[in-house]
Amino acid sequence: MTAVLVLVERGGPGGSPVRKPSLELLTIARRIGEPAAVVCGPIDEATVDFLAGYGATAVYSADSPDLDEYLVVPKVEVLAEAVRQAAPAAVLVTSNPEGKDVAARLAVRLNSGIITDATDVAAGPDGPVVTQSVFAGGWTVRSRIRRGTPVITVRPNAARPERVADPVQPAVQPLAIELSDRARGARVVNRTPRASTGRPDLADAAIIVTGGRGVGAPEAFEVIERLADALGAAVGATRAVTDLSWRPHEMQIGQTGKTVAPQLYVAAGVSGAIQHLAGMQGSRTIVAVNKDPKAPIFEYADFGVVGDLHKVLPALINEIEKRKG
Amino acid sequence: MKIVVLVKHVPEPTAAWRFADDLTLDRSAVEGRLSQLDEYAVEQAVRLGEAGVPVEITCLTMGPAPAADALRKALAMGGDRGVHVLDDALPGSDVLATSLVLAKAVQRIGFDLVVCGMASTDAEMSVVPAMVADRLGVPQASNAAELGTDGTTLTVRRETDSATEEIAVTLPAVVSVTDQSGEPRYPAFKAIMAARKKPVQTWSLADLGIDAADVGLAASATVVEDTQPRPPRAAGTVIVDDGDAAGRLAEYLATASFL
Ligand SMILES: Cc1cc2nc3c(=O)[nH]c(=O)nc-3n(C[C@H](O)[C@H](O)[C@H](O)COP(=O)(O)OP(=O)(O)OC[C@H]3O[C@@H](n4cnc5c(N)ncnc54)[C@H](O)[C@@H]3O)c2cc1C
Ligand SMILES: Nc1ncnc2c1ncn2[C@@H]1O[C@H](COP(=O)(O)O)[C@@H](O)[C@H]1O
């Protein structure tokens with residue numbers, strides 16, 4: 001069977017050696033071939049075993065401080081070399097800003113077709129068939145790549161990570177890369193990590209509670225966070241909220257923020273503008289609290305409450321605490 | 001400093017979009033406009049000039065005839081001149097072809113810096129900037145929230161999922177900017193009138209030395225198998241709060257096993 005290359009992102013929450021979206025990619029890769037993990041940075045036996053547990057049958061490893069210090073191009077050179085060696089059926093990369101940059105440059109170098117933001121990937125008679133959600137989530141499109149090595153970026157949550165029953169011991173293939181000066185053109189001068197909120201990641205949270213402009217003030221946003229904590233949820237915001245600097249941009253959901261698809265999405269004080277809907281329409285269950293019965297969000301809500309969020313949410317938090325006993 | 005801003009003409013986001021018979025977006029069916037996200041790119045280019053570096057700003061678009069309107073808007077915001085790549089062979093081009101055409105046009109214009117939007121509001125792939133950079137053989141930084149330059153290096157601040165990054169990019173380079181980079185100006189009437197007199201060149205594929213067989217739907221490396229409207233959501237329950245809404249909502253969440 002042919003290999004399917006998966007670009008692995010290191011370091012997940014809770015000390016996992018690999019981020020969850022990469023495990024999703026390994027799971028998806030098994031549908032179209034034999035997953036081969038491409039790992040940038042130092043690799044140890046535990047990580048190799050972990051990757052094998054999710055189906056990796058080969059591991060390509062490239063280690064150099066340059067991979068962290070310079071943007072994108074070093075990773076592209078690693079992947080291009082892995083493609084040369086493995087002649088894969090496809091290359092899978094997580095659909096996030098860095099992943100897309102890497103995939104885009106790789107596609108140019110391979111002169112290969114690229115499909116981004118896949119919500120599903122399946123095997124087909126003429127190569128992988130990729131599902132996307134387009135036009136602000138209003139349409140589903142299935143397409144495939146007919147030239148070169150398919151390069152596909154896949155959204156987080158497109159699959160549930162599954163372990164394999166009997167992992168094989170993957171061969172670890174070190175990739176020596178010679179970086180050109182060209183690869184060192186964009187250098188990270190400073191990286192200030194943000195303090196963790198202790199809440200689940202928006203990208204893979206099962207429940208998200210989002211507050212909009214209707215929350216009214218930055219201090220008042222606390223009620224959104226309290227509800228999120230009661231539900232064990234991640235916290236989201238609309239662009240109105242991030243533009244007003246009530247909350248930081250990394251919490252923004254929508255066209256120019258994150259695309260999410262949790263099991264449950266609770267929107268409070270959110271009108272439901274098309275650019276916001278574009279980022280959350282794929283949610284399984286949508287609950288809306290808004291005082292305006294005509295707010296467009298109600299057209300998407302499975303359960304809507306017309307009311308003041310500052311009355312409804314505190315009472316809801318009480319109800320939840322009561323039920324938890 | 002020679003800056004090229006890539007601007008795209010896109011369908012109005014609030015209009016109802018549909019597919020044409022060839023399964024591409026039917027652009028003739030809806031009003032078009034300069035992509036809102038590319039307004040941020042024009043704005044940043046103009047601000048770099050205002051910050052003291054002498055700049056010459058060329059706005060570049062590839063698109064059908066009405067795309068000229070997007071170009072005029074970009075010129076009204078402060079671009080100095082426009083280039084419109086227009087050719088009957090282009091419709092249906094995929095990102096590989098689009099990036100090829102844009103890179104060739106950028107090369108012909110000459111550049112120190114190419115500024116792009118973070119995504120086109122129709123295709124939303126966010127790949128054209130990296131692809132153009134790779135074809136030009138230059139570095140690139142995506143999703144800048146803040147730009148600065150001394151003429152040889154571009155400094156970029158950007159917010160990733162987990163960190164704030166400061167990046168130094170050696171020029172010539174490509175950068176894309178987010179909608180956090182600063183609100184685009186609204187051109188005054190005088191600027192709109194002045195933009196009508198700014199030079200706009202229209203280039204064909206032949207002008208760029210590109211073979212028509214390398215672009216358009218037939219050359220696309222991807223093919224759409226089928227398209228389907230999202231099934232309408234089953235109408236939900238909407239209740240009006242009379243003091244008991246929280247209890248009913250909790251009941252709903254419990255029944256759906258979220259509690
Ligand atoms: C290019 C572009 C990109 C964009 N990208 C994004 C994006 O990524 N994400 C995004 O979210 N937006 C985005 N937007 C902005 C979007 O168009 C909307 O402006 C934004 O989503 C509105 O946020 P909101 O719902 O919080 O605010 P509003 O639209 O102002 O809605 C506030 C709502 O709160 C309700 N309300 C007020 N008080 C209460 C109360 N006490 N209790 C209950 N309800 C109350 C009101 O009835 C109203 O419906 C983008 C716009 C553009 C042009
Ligand atoms: N046809 C086009 N003409 C000019 N610029 C474009 C075109 N397509 C994409 N771009 C630029 O590339 C950016 C990202 O586009 P995309 O990769 O399509 O999301 C846009 O914000 C524009 O700056």
# chains A, B, ... in the order shown; residues from 1 in each chain; ligands from 1
>>> residues_near_ligand(ligand="ligand 2", cutoff="7 Å", atoms="only C-alpha atoms and all ligand atoms", output="number ranges by chain")
B: 5-8, 37-38, 60-63, 98, 102, 115-121, 123-129
>>> select_by_dssp(residues="range 7-256 of chain B", states="strand (DSSP E or B)", output="PyMOL selection string")
chain B and resi 9-11+19+25+32-34+56-62+81-85+113-117+140-144+146-149+153-159+163-170+173-177+200-203+222-229+237-240
>>> interface_residues(of="chain A", to="chain B", cutoff="7 Å", atoms="only C-alpha atoms", output="VMD selection string")
chain A and resid 100 to 101 104 to 105 108 112 to 113 116 138 to 147 182 185 to 194 250 300 to 307 312 315 to 316 319 to 320
>>> write_last_selection(atoms="N, CA and C atoms", output="short mmCIF file (atom, residue, chain, number, x, y, z; two decimals), in the first residue's frame")
data_model
loop_
_atom_site.label_atom_id
_atom_site.label_comp_id
_atom_site.auth_asym_id
_atom_site.auth_seq_id
_atom_site.Cartn_x
_atom_site.Cartn_y
_atom_site.Cartn_z
N LYS A 100 -1.58 25.81 6.40
CA LYS A 100 -1.97 26.25 5.06
C LYS A 100 -0.79 26.85 4.30
N ASP A 101 0.04 27.62 5.01
CA ASP A 101 1.22 28.19 4.36
C ASP A 101 2.15 27.09 3.86
N ALA A 104 0.53 25.26 0.92
CA ALA A 104 0.47 26.10 -0.29
C ALA A 104 1.81 26.09 -1.02
N ARG A 105 2.88 26.28 -0.27
CA ARG A 105 4.19 26.29 -0.91
C ARG A 105 4.55 24.90 -1.44
N VAL A 108 2.91 24.27 -4.78
CA VAL A 108 3.61 24.95 -5.88
C VAL A 108 4.83 24.15 -6.30
N SER A 112 1.22 20.38 -7.76
CA SER A 112 0.13 19.46 -7.42
C SER A 112 -1.11 20.23 -7.00
N GLY A 113 -2.24 19.63 -7.22
CA GLY A 113 -3.48 20.24 -6.78
C GLY A 113 -3.56 20.29 -5.26
N THR A 116 -8.14 22.85 0.48
CA THR A 116 -8.00 23.27 1.87
C THR A 116 -9.31 23.06 2.65
N GLY A 138 -23.04 27.18 3.68
CA GLY A 138 -24.34 26.90 3.07
C GLY A 138 -24.33 25.72 2.11
N TRP A 139 -23.16 25.35 1.60
CA TRP A 139 -23.08 24.27 0.62
C TRP A 139 -21.99 23.28 1.00
N THR A 140 -22.20 22.04 0.58
CA THR A 140 -21.19 21.02 0.73
C THR A 140 -20.67 20.65 -0.66
N VAL A 141 -19.36 20.62 -0.81
CA VAL A 141 -18.75 20.30 -2.10
C VAL A 141 -17.84 19.10 -1.93
N ARG A 142 -17.91 18.17 -2.88
CA ARG A 142 -16.95 17.06 -2.88
C ARG A 142 -16.09 17.18 -4.12
N SER A 143 -14.79 17.14 -3.93
CA SER A 143 -13.92 17.26 -5.09
C SER A 143 -12.69 16.38 -4.92
N ARG A 144 -11.91 16.31 -6.00
CA ARG A 144 -10.68 15.53 -5.92
C ARG A 144 -9.59 16.23 -6.73
N ILE A 145 -8.39 15.73 -6.54
CA ILE A 145 -7.23 16.34 -7.18
C ILE A 145 -6.82 15.45 -8.34
N ARG A 146 -6.62 16.08 -9.50
CA ARG A 146 -6.30 15.24 -10.67
C ARG A 146 -4.91 15.50 -11.23
N ARG A 147 -4.11 16.29 -10.51
CA ARG A 147 -2.73 16.46 -10.97
C ARG A 147 -1.77 16.41 -9.79
N ARG A 182 17.48 31.23 1.26
CA ARG A 182 16.11 31.56 0.93
C ARG A 182 15.13 31.08 2.00
N GLY A 185 14.55 33.51 5.28
CA GLY A 185 14.16 34.90 5.02
C GLY A 185 13.20 35.49 6.02
N ALA A 186 12.46 34.63 6.73
CA ALA A 186 11.49 35.13 7.71
C ALA A 186 11.81 34.51 9.06
N ARG A 187 12.38 35.34 9.94
CA ARG A 187 12.90 34.83 11.20
C ARG A 187 12.04 35.28 12.38
N VAL A 188 11.78 34.34 13.28
CA VAL A 188 11.05 34.69 14.49
C VAL A 188 12.03 35.34 15.46
N VAL A 189 11.82 36.63 15.72
CA VAL A 189 12.72 37.38 16.58
C VAL A 189 12.32 37.21 18.04
N ASN A 190 11.02 37.06 18.23
CA ASN A 190 10.51 36.98 19.60
C ASN A 190 9.19 36.21 19.59
N ARG A 191 9.04 35.31 20.55
CA ARG A 191 7.78 34.57 20.65
C ARG A 191 7.35 34.60 22.11
N THR A 192 6.25 35.27 22.39
CA THR A 192 5.76 35.36 23.76
C THR A 192 4.54 34.47 23.91
N PRO A 193 4.72 33.32 24.56
CA PRO A 193 3.57 32.42 24.70
C PRO A 193 2.51 33.08 25.57
N ARG A 194 1.27 32.82 25.25
CA ARG A 194 0.17 33.35 26.05
C ARG A 194 -0.10 32.41 27.21
N GLU A 250 -7.64 35.68 19.87
CA GLU A 250 -7.60 34.22 19.67
C GLU A 250 -8.91 33.54 20.09
N TYR A 300 -30.93 29.53 13.22
CA TYR A 300 -29.97 28.42 13.24
C TYR A 300 -30.02 27.66 14.55
N ALA A 301 -30.81 28.16 15.49
CA ALA A 301 -30.78 27.58 16.83
C ALA A 301 -31.68 26.35 16.94
N ASP A 302 -31.18 25.32 17.59
CA ASP A 302 -32.03 24.17 17.91
C ASP A 302 -32.89 24.50 19.12
N PHE A 303 -32.32 25.34 20.00
CA PHE A 303 -33.08 25.79 21.15
C PHE A 303 -32.76 27.26 21.37
N GLY A 304 -33.77 28.12 21.31
CA GLY A 304 -33.54 29.54 21.47
C GLY A 304 -34.30 30.11 22.64
N VAL A 305 -33.68 31.04 23.34
CA VAL A 305 -34.38 31.74 24.42
C VAL A 305 -34.38 33.23 24.10
N VAL A 306 -35.58 33.79 23.96
CA VAL A 306 -35.69 35.24 23.80
C VAL A 306 -35.71 35.82 25.20
N GLY A 307 -34.63 36.48 25.55
CA GLY A 307 -34.56 37.02 26.90
C GLY A 307 -33.24 37.70 27.16
N VAL A 312 -30.95 35.13 32.19
CA VAL A 312 -31.04 33.72 31.83
C VAL A 312 -29.76 32.94 32.20
N ALA A 315 -29.20 32.22 36.00
CA ALA A 315 -30.18 31.22 36.44
C ALA A 315 -29.81 29.84 35.90
N LEU A 316 -29.32 29.81 34.66
CA LEU A 316 -28.92 28.54 34.06
C LEU A 316 -27.74 27.94 34.82
N GLU A 319 -29.05 26.33 37.86
CA GLU A 319 -29.71 25.06 37.51
C GLU A 319 -28.69 23.95 37.32
N ILE A 320 -27.61 24.30 36.59
CA ILE A 320 -26.60 23.28 36.29
C ILE A 320 -25.92 22.83 37.58
#
>>> residues_near_ligand(ligand="ligand 1", cutoff="8 Å", atoms="only C-alpha atoms and all ligand atoms", output="compact mmCIF listing (two decimals) with all heavy atoms, in the first residue's frame")
# COMPACT_ATOMS: atom_id res chain seq x y z
N GLY A 211 -19.84 34.60 23.70
CA GLY A 211 -20.50 35.85 24.05
C GLY A 211 -20.33 36.87 22.93
O GLY A 211 -19.27 36.93 22.30
N GLY A 212 -21.35 37.66 22.69
CA GLY A 212 -21.30 38.71 21.67
C GLY A 212 -21.40 40.08 22.30
O GLY A 212 -21.34 40.23 23.54
N ARG A 213 -21.58 41.08 21.46
CA ARG A 213 -21.67 42.46 21.92
C ARG A 213 -22.78 42.65 22.95
O ARG A 213 -22.70 43.51 23.82
CB ARG A 213 -21.93 43.38 20.72
CG ARG A 213 -21.66 44.84 20.98
CD ARG A 213 -22.36 45.77 19.99
NE ARG A 213 -22.17 45.38 18.60
CZ ARG A 213 -21.24 45.90 17.81
NH1 ARG A 213 -20.45 46.83 18.23
NH2 ARG A 213 -21.12 45.47 16.55
N GLY A 214 -23.81 41.80 22.85
CA GLY A 214 -24.94 41.90 23.77
C GLY A 214 -24.56 41.66 25.22
O GLY A 214 -25.34 41.98 26.13
N VAL A 215 -23.38 41.13 25.47
CA VAL A 215 -22.93 40.93 26.85
C VAL A 215 -22.76 42.30 27.52
O VAL A 215 -22.94 42.44 28.73
CB VAL A 215 -21.62 40.11 26.89
CG1 VAL A 215 -21.03 40.07 28.28
CG2 VAL A 215 -21.88 38.70 26.39
N GLY A 216 -22.42 43.30 26.75
CA GLY A 216 -22.52 44.68 27.22
C GLY A 216 -21.25 45.35 27.70
O GLY A 216 -21.09 46.55 27.52
N ALA A 237 -15.83 34.22 21.26
CA ALA A 237 -16.29 35.60 21.19
C ALA A 237 -16.58 35.95 19.73
O ALA A 237 -16.07 35.33 18.82
CB ALA A 237 -15.22 36.54 21.74
N THR A 238 -17.41 36.97 19.54
CA THR A 238 -17.63 37.48 18.18
C THR A 238 -16.58 38.55 17.90
O THR A 238 -15.86 39.00 18.80
CB THR A 238 -19.02 38.13 18.02
OG1 THR A 238 -19.09 39.27 18.88
CG2 THR A 238 -20.12 37.16 18.37
N ARG A 239 -16.54 38.97 16.64
CA ARG A 239 -15.57 40.00 16.30
C ARG A 239 -15.92 41.32 16.99
O ARG A 239 -15.02 42.10 17.30
CB ARG A 239 -15.51 40.18 14.79
CG ARG A 239 -14.55 41.26 14.42
CD ARG A 239 -14.22 41.26 12.96
NE ARG A 239 -13.81 42.61 12.60
CZ ARG A 239 -13.74 43.05 11.36
NH1 ARG A 239 -14.08 42.27 10.37
NH2 ARG A 239 -13.36 44.27 11.12
N ALA A 240 -17.20 41.56 17.22
CA ALA A 240 -17.57 42.78 17.92
C ALA A 240 -16.83 42.82 19.27
O ALA A 240 -16.30 43.86 19.68
CB ALA A 240 -19.08 42.84 18.12
N VAL A 241 -16.79 41.68 19.93
CA VAL A 241 -16.15 41.59 21.26
C VAL A 241 -14.64 41.75 21.17
O VAL A 241 -14.03 42.45 21.99
CB VAL A 241 -16.53 40.23 21.91
CG1 VAL A 241 -15.67 39.94 23.12
CG2 VAL A 241 -18.01 40.23 22.28
N GLN A 252 -11.79 34.66 18.92
CA GLN A 252 -12.80 34.99 17.91
C GLN A 252 -13.18 33.81 17.04
O GLN A 252 -12.34 33.07 16.55
CB GLN A 252 -12.29 36.12 17.01
CG GLN A 252 -13.31 36.57 15.99
CD GLN A 252 -12.78 37.71 15.14
OE1 GLN A 252 -12.21 38.66 15.67
NE2 GLN A 252 -12.97 37.62 13.84
N ILE A 253 -14.48 33.68 16.84
CA ILE A 253 -15.01 32.62 15.98
C ILE A 253 -15.66 33.26 14.76
O ILE A 253 -16.37 34.25 14.88
CB ILE A 253 -16.02 31.77 16.77
CG1 ILE A 253 -15.25 30.94 17.80
CG2 ILE A 253 -16.83 30.87 15.84
CD1 ILE A 253 -16.11 30.32 18.83
N GLY A 254 -15.38 32.72 13.59
CA GLY A 254 -15.99 33.24 12.37
C GLY A 254 -15.01 33.31 11.22
O GLY A 254 -13.91 32.76 11.31
N GLN A 255 -15.42 34.02 10.20
CA GLN A 255 -14.64 34.06 8.97
C GLN A 255 -13.18 34.45 9.20
O GLN A 255 -12.28 33.87 8.61
CB GLN A 255 -15.28 35.06 8.00
CG GLN A 255 -14.63 35.05 6.65
CD GLN A 255 -15.23 36.11 5.74
OE1 GLN A 255 -15.38 37.27 6.08
NE2 GLN A 255 -15.58 35.69 4.56
N THR A 256 -12.94 35.45 10.02
CA THR A 256 -11.56 35.87 10.26
C THR A 256 -11.08 35.44 11.64
O THR A 256 -10.10 35.96 12.15
CB THR A 256 -11.41 37.40 10.08
OG1 THR A 256 -12.33 38.06 10.94
CG2 THR A 256 -11.70 37.79 8.65
N GLY A 257 -11.79 34.51 12.23
CA GLY A 257 -11.36 33.91 13.48
C GLY A 257 -11.26 32.42 13.26
O GLY A 257 -10.81 31.97 12.22
N LYS A 258 -11.72 31.66 14.22
CA LYS A 258 -11.62 30.21 14.09
C LYS A 258 -12.91 29.61 13.53
O LYS A 258 -13.98 30.16 13.71
CB LYS A 258 -11.35 29.60 15.47
CG LYS A 258 -10.03 30.02 16.03
CD LYS A 258 -9.56 29.05 17.09
CE LYS A 258 -8.12 29.33 17.46
NZ LYS A 258 -7.96 30.59 18.21
N ALA A 268 -24.61 33.67 23.23
CA ALA A 268 -25.39 34.61 24.05
C ALA A 268 -25.04 36.04 23.67
O ALA A 268 -23.86 36.41 23.64
CB ALA A 268 -25.10 34.36 25.53
N GLY A 269 -26.06 36.83 23.35
CA GLY A 269 -25.82 38.22 22.95
C GLY A 269 -25.12 38.30 21.60
O GLY A 269 -24.38 39.23 21.33
N VAL A 270 -25.36 37.29 20.75
CA VAL A 270 -24.77 37.20 19.42
C VAL A 270 -25.89 37.34 18.41
O VAL A 270 -26.89 36.63 18.49
CB VAL A 270 -24.08 35.83 19.24
CG1 VAL A 270 -23.59 35.63 17.81
CG2 VAL A 270 -22.95 35.64 20.24
N SER A 271 -25.73 38.26 17.42
CA SER A 271 -26.84 38.47 16.49
C SER A 271 -26.91 37.38 15.43
O SER A 271 -27.99 37.02 14.96
CB SER A 271 -26.71 39.84 15.81
OG SER A 271 -25.50 39.92 15.08
N GLY A 272 -25.74 36.83 15.03
CA GLY A 272 -25.74 35.81 14.00
C GLY A 272 -25.46 36.37 12.62
O GLY A 272 -26.09 36.01 11.64
N ALA A 273 -24.45 37.26 12.53
CA ALA A 273 -24.02 37.82 11.24
C ALA A 273 -23.42 36.70 10.39
O ALA A 273 -22.86 35.75 10.94
CB ALA A 273 -22.98 38.92 11.46
N ILE A 274 -23.51 36.87 9.07
CA ILE A 274 -23.04 35.83 8.16
C ILE A 274 -21.59 35.45 8.42
O ILE A 274 -21.23 34.27 8.37
CB ILE A 274 -23.26 36.27 6.69
CG1 ILE A 274 -22.79 35.21 5.68
CG2 ILE A 274 -22.54 37.56 6.34
CD1 ILE A 274 -23.90 34.44 5.10
N GLN A 275 -20.74 36.45 8.77
CA GLN A 275 -19.33 36.13 9.00
C GLN A 275 -19.13 35.34 10.29
O GLN A 275 -18.15 34.61 10.43
CB GLN A 275 -18.48 37.40 9.06
CG GLN A 275 -18.42 38.19 7.77
CD GLN A 275 -19.52 39.22 7.66
OE1 GLN A 275 -20.42 39.27 8.49
NE2 GLN A 275 -19.45 40.04 6.63
N HIS A 276 -20.03 35.49 11.23
CA HIS A 276 -19.94 34.68 12.44
C HIS A 276 -20.46 33.26 12.17
O HIS A 276 -19.82 32.27 12.53
CB HIS A 276 -20.71 35.32 13.60
CG HIS A 276 -20.53 34.57 14.89
ND1 HIS A 276 -19.37 34.66 15.63
CD2 HIS A 276 -21.32 33.68 15.53
CE1 HIS A 276 -19.47 33.86 16.69
NE2 HIS A 276 -20.64 33.26 16.65
N LEU A 277 -21.59 33.20 11.47
CA LEU A 277 -22.18 31.90 11.15
C LEU A 277 -21.19 31.03 10.39
O LEU A 277 -21.13 29.81 10.58
CB LEU A 277 -23.45 32.10 10.31
CG LEU A 277 -24.61 32.78 11.05
CD1 LEU A 277 -25.69 33.20 10.06
CD2 LEU A 277 -25.20 31.83 12.11
N ALA A 278 -20.38 31.67 9.52
CA ALA A 278 -19.42 30.93 8.70
C ALA A 278 -18.49 30.10 9.58
O ALA A 278 -18.00 29.06 9.15
CB ALA A 278 -18.60 31.89 7.85
N GLY A 279 -18.28 30.53 10.81
CA GLY A 279 -17.34 29.83 11.67
C GLY A 279 -17.95 28.84 12.62
O GLY A 279 -17.22 28.14 13.33
N VAL A 289 -29.22 32.64 23.10
CA VAL A 289 -29.94 33.50 24.04
C VAL A 289 -29.77 34.93 23.54
O VAL A 289 -28.64 35.42 23.42
CB VAL A 289 -29.39 33.38 25.48
CG1 VAL A 289 -30.18 34.28 26.43
CG2 VAL A 289 -29.42 31.94 25.96
N ASN A 290 -30.89 35.56 23.20
CA ASN A 290 -30.82 36.92 22.64
C ASN A 290 -32.12 37.62 22.97
O ASN A 290 -33.19 37.01 22.91
CB ASN A 290 -30.61 36.83 21.12
CG ASN A 290 -30.22 38.17 20.51
OD1 ASN A 290 -30.90 39.17 20.70
ND2 ASN A 290 -29.12 38.17 19.79
N LYS A 291 -32.04 38.92 23.28
CA LYS A 291 -33.29 39.58 23.68
C LYS A 291 -34.12 40.02 22.49
O LYS A 291 -35.28 40.40 22.63
CB LYS A 291 -33.01 40.74 24.64
CG LYS A 291 -32.26 41.90 24.07
CD LYS A 291 -32.07 42.95 25.17
CE LYS A 291 -31.41 44.18 24.59
NZ LYS A 291 -31.02 45.14 25.62
N ASP A 292 -33.51 39.95 21.28
CA ASP A 292 -34.25 40.35 20.08
C ASP A 292 -34.80 39.12 19.36
O ASP A 292 -34.05 38.32 18.82
CB ASP A 292 -33.29 41.11 19.16
CG ASP A 292 -33.91 41.47 17.82
OD1 ASP A 292 -35.14 41.25 17.67
OD2 ASP A 292 -33.18 41.95 16.94
N PRO A 293 -36.13 38.94 19.37
CA PRO A 293 -36.70 37.73 18.75
C PRO A 293 -36.39 37.66 17.25
O PRO A 293 -36.48 36.59 16.66
CB PRO A 293 -38.21 37.88 18.97
CG PRO A 293 -38.45 39.31 19.32
CD PRO A 293 -37.17 39.82 19.92
N ALA A 295 -33.44 38.30 15.90
CA ALA A 295 -32.02 38.08 15.65
C ALA A 295 -31.84 36.86 14.73
O ALA A 295 -32.44 35.81 14.97
CB ALA A 295 -31.27 37.86 16.96
N PRO A 296 -31.03 36.99 13.67
CA PRO A 296 -30.86 35.89 12.71
C PRO A 296 -30.36 34.60 13.35
O PRO A 296 -30.63 33.51 12.83
CB PRO A 296 -29.82 36.42 11.72
CG PRO A 296 -29.74 37.89 11.92
CD PRO A 296 -30.30 38.21 13.28
N ILE A 297 -29.68 34.68 14.47
CA ILE A 297 -29.13 33.47 15.10
C ILE A 297 -30.24 32.46 15.41
O ILE A 297 -30.02 31.25 15.38
CB ILE A 297 -28.33 33.83 16.39
CG1 ILE A 297 -27.56 32.62 16.94
CG2 ILE A 297 -29.21 34.39 17.49
CD1 ILE A 297 -26.28 32.30 16.24
N VAL A 306 -35.58 33.79 23.96
CA VAL A 306 -35.69 35.24 23.80
C VAL A 306 -35.71 35.82 25.20
O VAL A 306 -36.67 35.61 25.96
CB VAL A 306 -36.99 35.61 23.04
CG1 VAL A 306 -37.09 37.13 22.91
CG2 VAL A 306 -37.02 34.94 21.67
N GLY A 307 -34.63 36.48 25.55
CA GLY A 307 -34.56 37.02 26.90
C GLY A 307 -33.24 37.70 27.16
O GLY A 307 -32.35 37.70 26.31
N ASP A 308 -33.12 38.28 28.34
CA ASP A 308 -31.90 39.00 28.74
C ASP A 308 -30.87 37.98 29.24
O ASP A 308 -31.13 37.26 30.21
CB ASP A 308 -32.27 39.99 29.86
CG ASP A 308 -31.08 40.83 30.28
OD1 ASP A 308 -29.93 40.49 29.90
OD2 ASP A 308 -31.29 41.84 30.99
N LEU A 309 -29.73 37.96 28.60
CA LEU A 309 -28.72 36.96 28.97
C LEU A 309 -28.26 37.14 30.41
O LEU A 309 -27.85 36.18 31.06
CB LEU A 309 -27.55 36.99 27.99
CG LEU A 309 -26.56 38.16 28.00
CD1 LEU A 309 -25.38 37.87 28.91
CD2 LEU A 309 -26.07 38.44 26.60
N HIS A 310 -28.35 38.38 30.92
CA HIS A 310 -27.90 38.59 32.29
C HIS A 310 -28.90 38.06 33.31
O HIS A 310 -28.59 37.95 34.49
CB HIS A 310 -27.60 40.08 32.53
CG HIS A 310 -26.37 40.52 31.78
ND1 HIS A 310 -25.14 39.99 32.05
CD2 HIS A 310 -26.20 41.37 30.74
CE1 HIS A 310 -24.24 40.52 31.22
NE2 HIS A 310 -24.86 41.35 30.41
N SER B 35 -12.90 42.93 -2.14
CA SER B 35 -12.97 42.08 -0.94
C SER B 35 -12.66 42.92 0.30
O SER B 35 -11.66 43.64 0.35
CB SER B 35 -11.97 40.93 -1.04
OG SER B 35 -11.85 40.29 0.20
N GLN B 36 -13.53 42.82 1.29
CA GLN B 36 -13.34 43.62 2.50
C GLN B 36 -11.98 43.32 3.14
O GLN B 36 -11.34 44.20 3.71
CB GLN B 36 -14.46 43.35 3.51
CG GLN B 36 -15.73 44.10 3.15
CD GLN B 36 -16.94 43.49 3.82
OE1 GLN B 36 -17.24 42.31 3.62
NE2 GLN B 36 -17.64 44.28 4.59
N LEU B 37 -11.55 42.07 3.03
CA LEU B 37 -10.28 41.72 3.66
C LEU B 37 -9.08 42.29 2.90
O LEU B 37 -8.01 42.45 3.47
CB LEU B 37 -10.17 40.20 3.82
CG LEU B 37 -11.19 39.63 4.82
CD1 LEU B 37 -11.14 38.11 4.83
CD2 LEU B 37 -10.96 40.19 6.21
N THR B 121 -12.74 36.62 0.35
CA THR B 121 -13.98 36.31 1.08
C THR B 121 -14.87 35.34 0.30
O THR B 121 -15.87 34.88 0.82
CB THR B 121 -14.77 37.59 1.41
OG1 THR B 121 -15.00 38.31 0.20
CG2 THR B 121 -14.03 38.47 2.39
N ASP B 179 -7.67 41.37 9.63
CA ASP B 179 -8.62 42.45 9.89
C ASP B 179 -8.41 43.05 11.28
O ASP B 179 -9.21 43.85 11.74
CB ASP B 179 -10.07 41.96 9.70
CG ASP B 179 -10.41 40.78 10.60
OD1 ASP B 179 -9.49 40.14 11.16
OD2 ASP B 179 -11.61 40.50 10.76
>>> atom_distance(atom1="CA of Ala195 in chain B", atom2="CA of Ala65 in chain B")
17.6 Å
>>> residues_around(residues="Pro64 in chain B", least_positions_apart="3", cutoff="12 Å", atoms="only C-alpha atoms", output="ChimeraX atom specification")
/B:8-11,26-28,32,61,67-71,84-93,202,204
>>> write_last_selection(atoms="C-alpha atoms", output="compact mmCIF listing (two decimals), in the first residue's frame")
# COMPACT_ATOMS: atom_id res chain seq x y z
CA LYS B 8 -9.69 40.63 -5.44
CA HIS B 9 -13.13 41.44 -6.74
CA VAL B 10 -15.58 39.17 -4.90
CA PRO B 11 -19.34 38.67 -4.74
CA ASP B 26 -21.63 32.11 -10.52
CA ARG B 27 -20.05 35.56 -10.39
CA SER B 28 -22.45 37.11 -12.89
CA GLY B 32 -19.34 42.37 -6.75
CA THR B 61 -6.15 42.20 -9.63
CA ALA B 67 -12.96 43.63 -11.26
CA ALA B 68 -11.83 47.02 -12.58
CA ASP B 69 -14.26 48.55 -10.05
CA ALA B 70 -12.39 46.89 -7.19
CA LEU B 71 -9.19 48.34 -8.58
CA HIS B 84 -5.84 44.37 -14.23
CA VAL B 85 -5.09 40.93 -15.64
CA LEU B 86 -8.04 40.13 -17.86
CA ASP B 87 -8.25 37.25 -20.30
CA ASP B 88 -11.02 35.03 -21.63
CA ALA B 89 -8.93 31.97 -20.81
CA LEU B 90 -8.84 32.74 -17.05
CA PRO B 91 -12.30 31.87 -15.68
CA GLY B 92 -12.27 28.68 -13.61
CA SER B 93 -8.57 28.95 -12.78
CA THR B 202 -4.97 45.89 -18.59
CA SER B 204 -3.57 39.73 -21.13
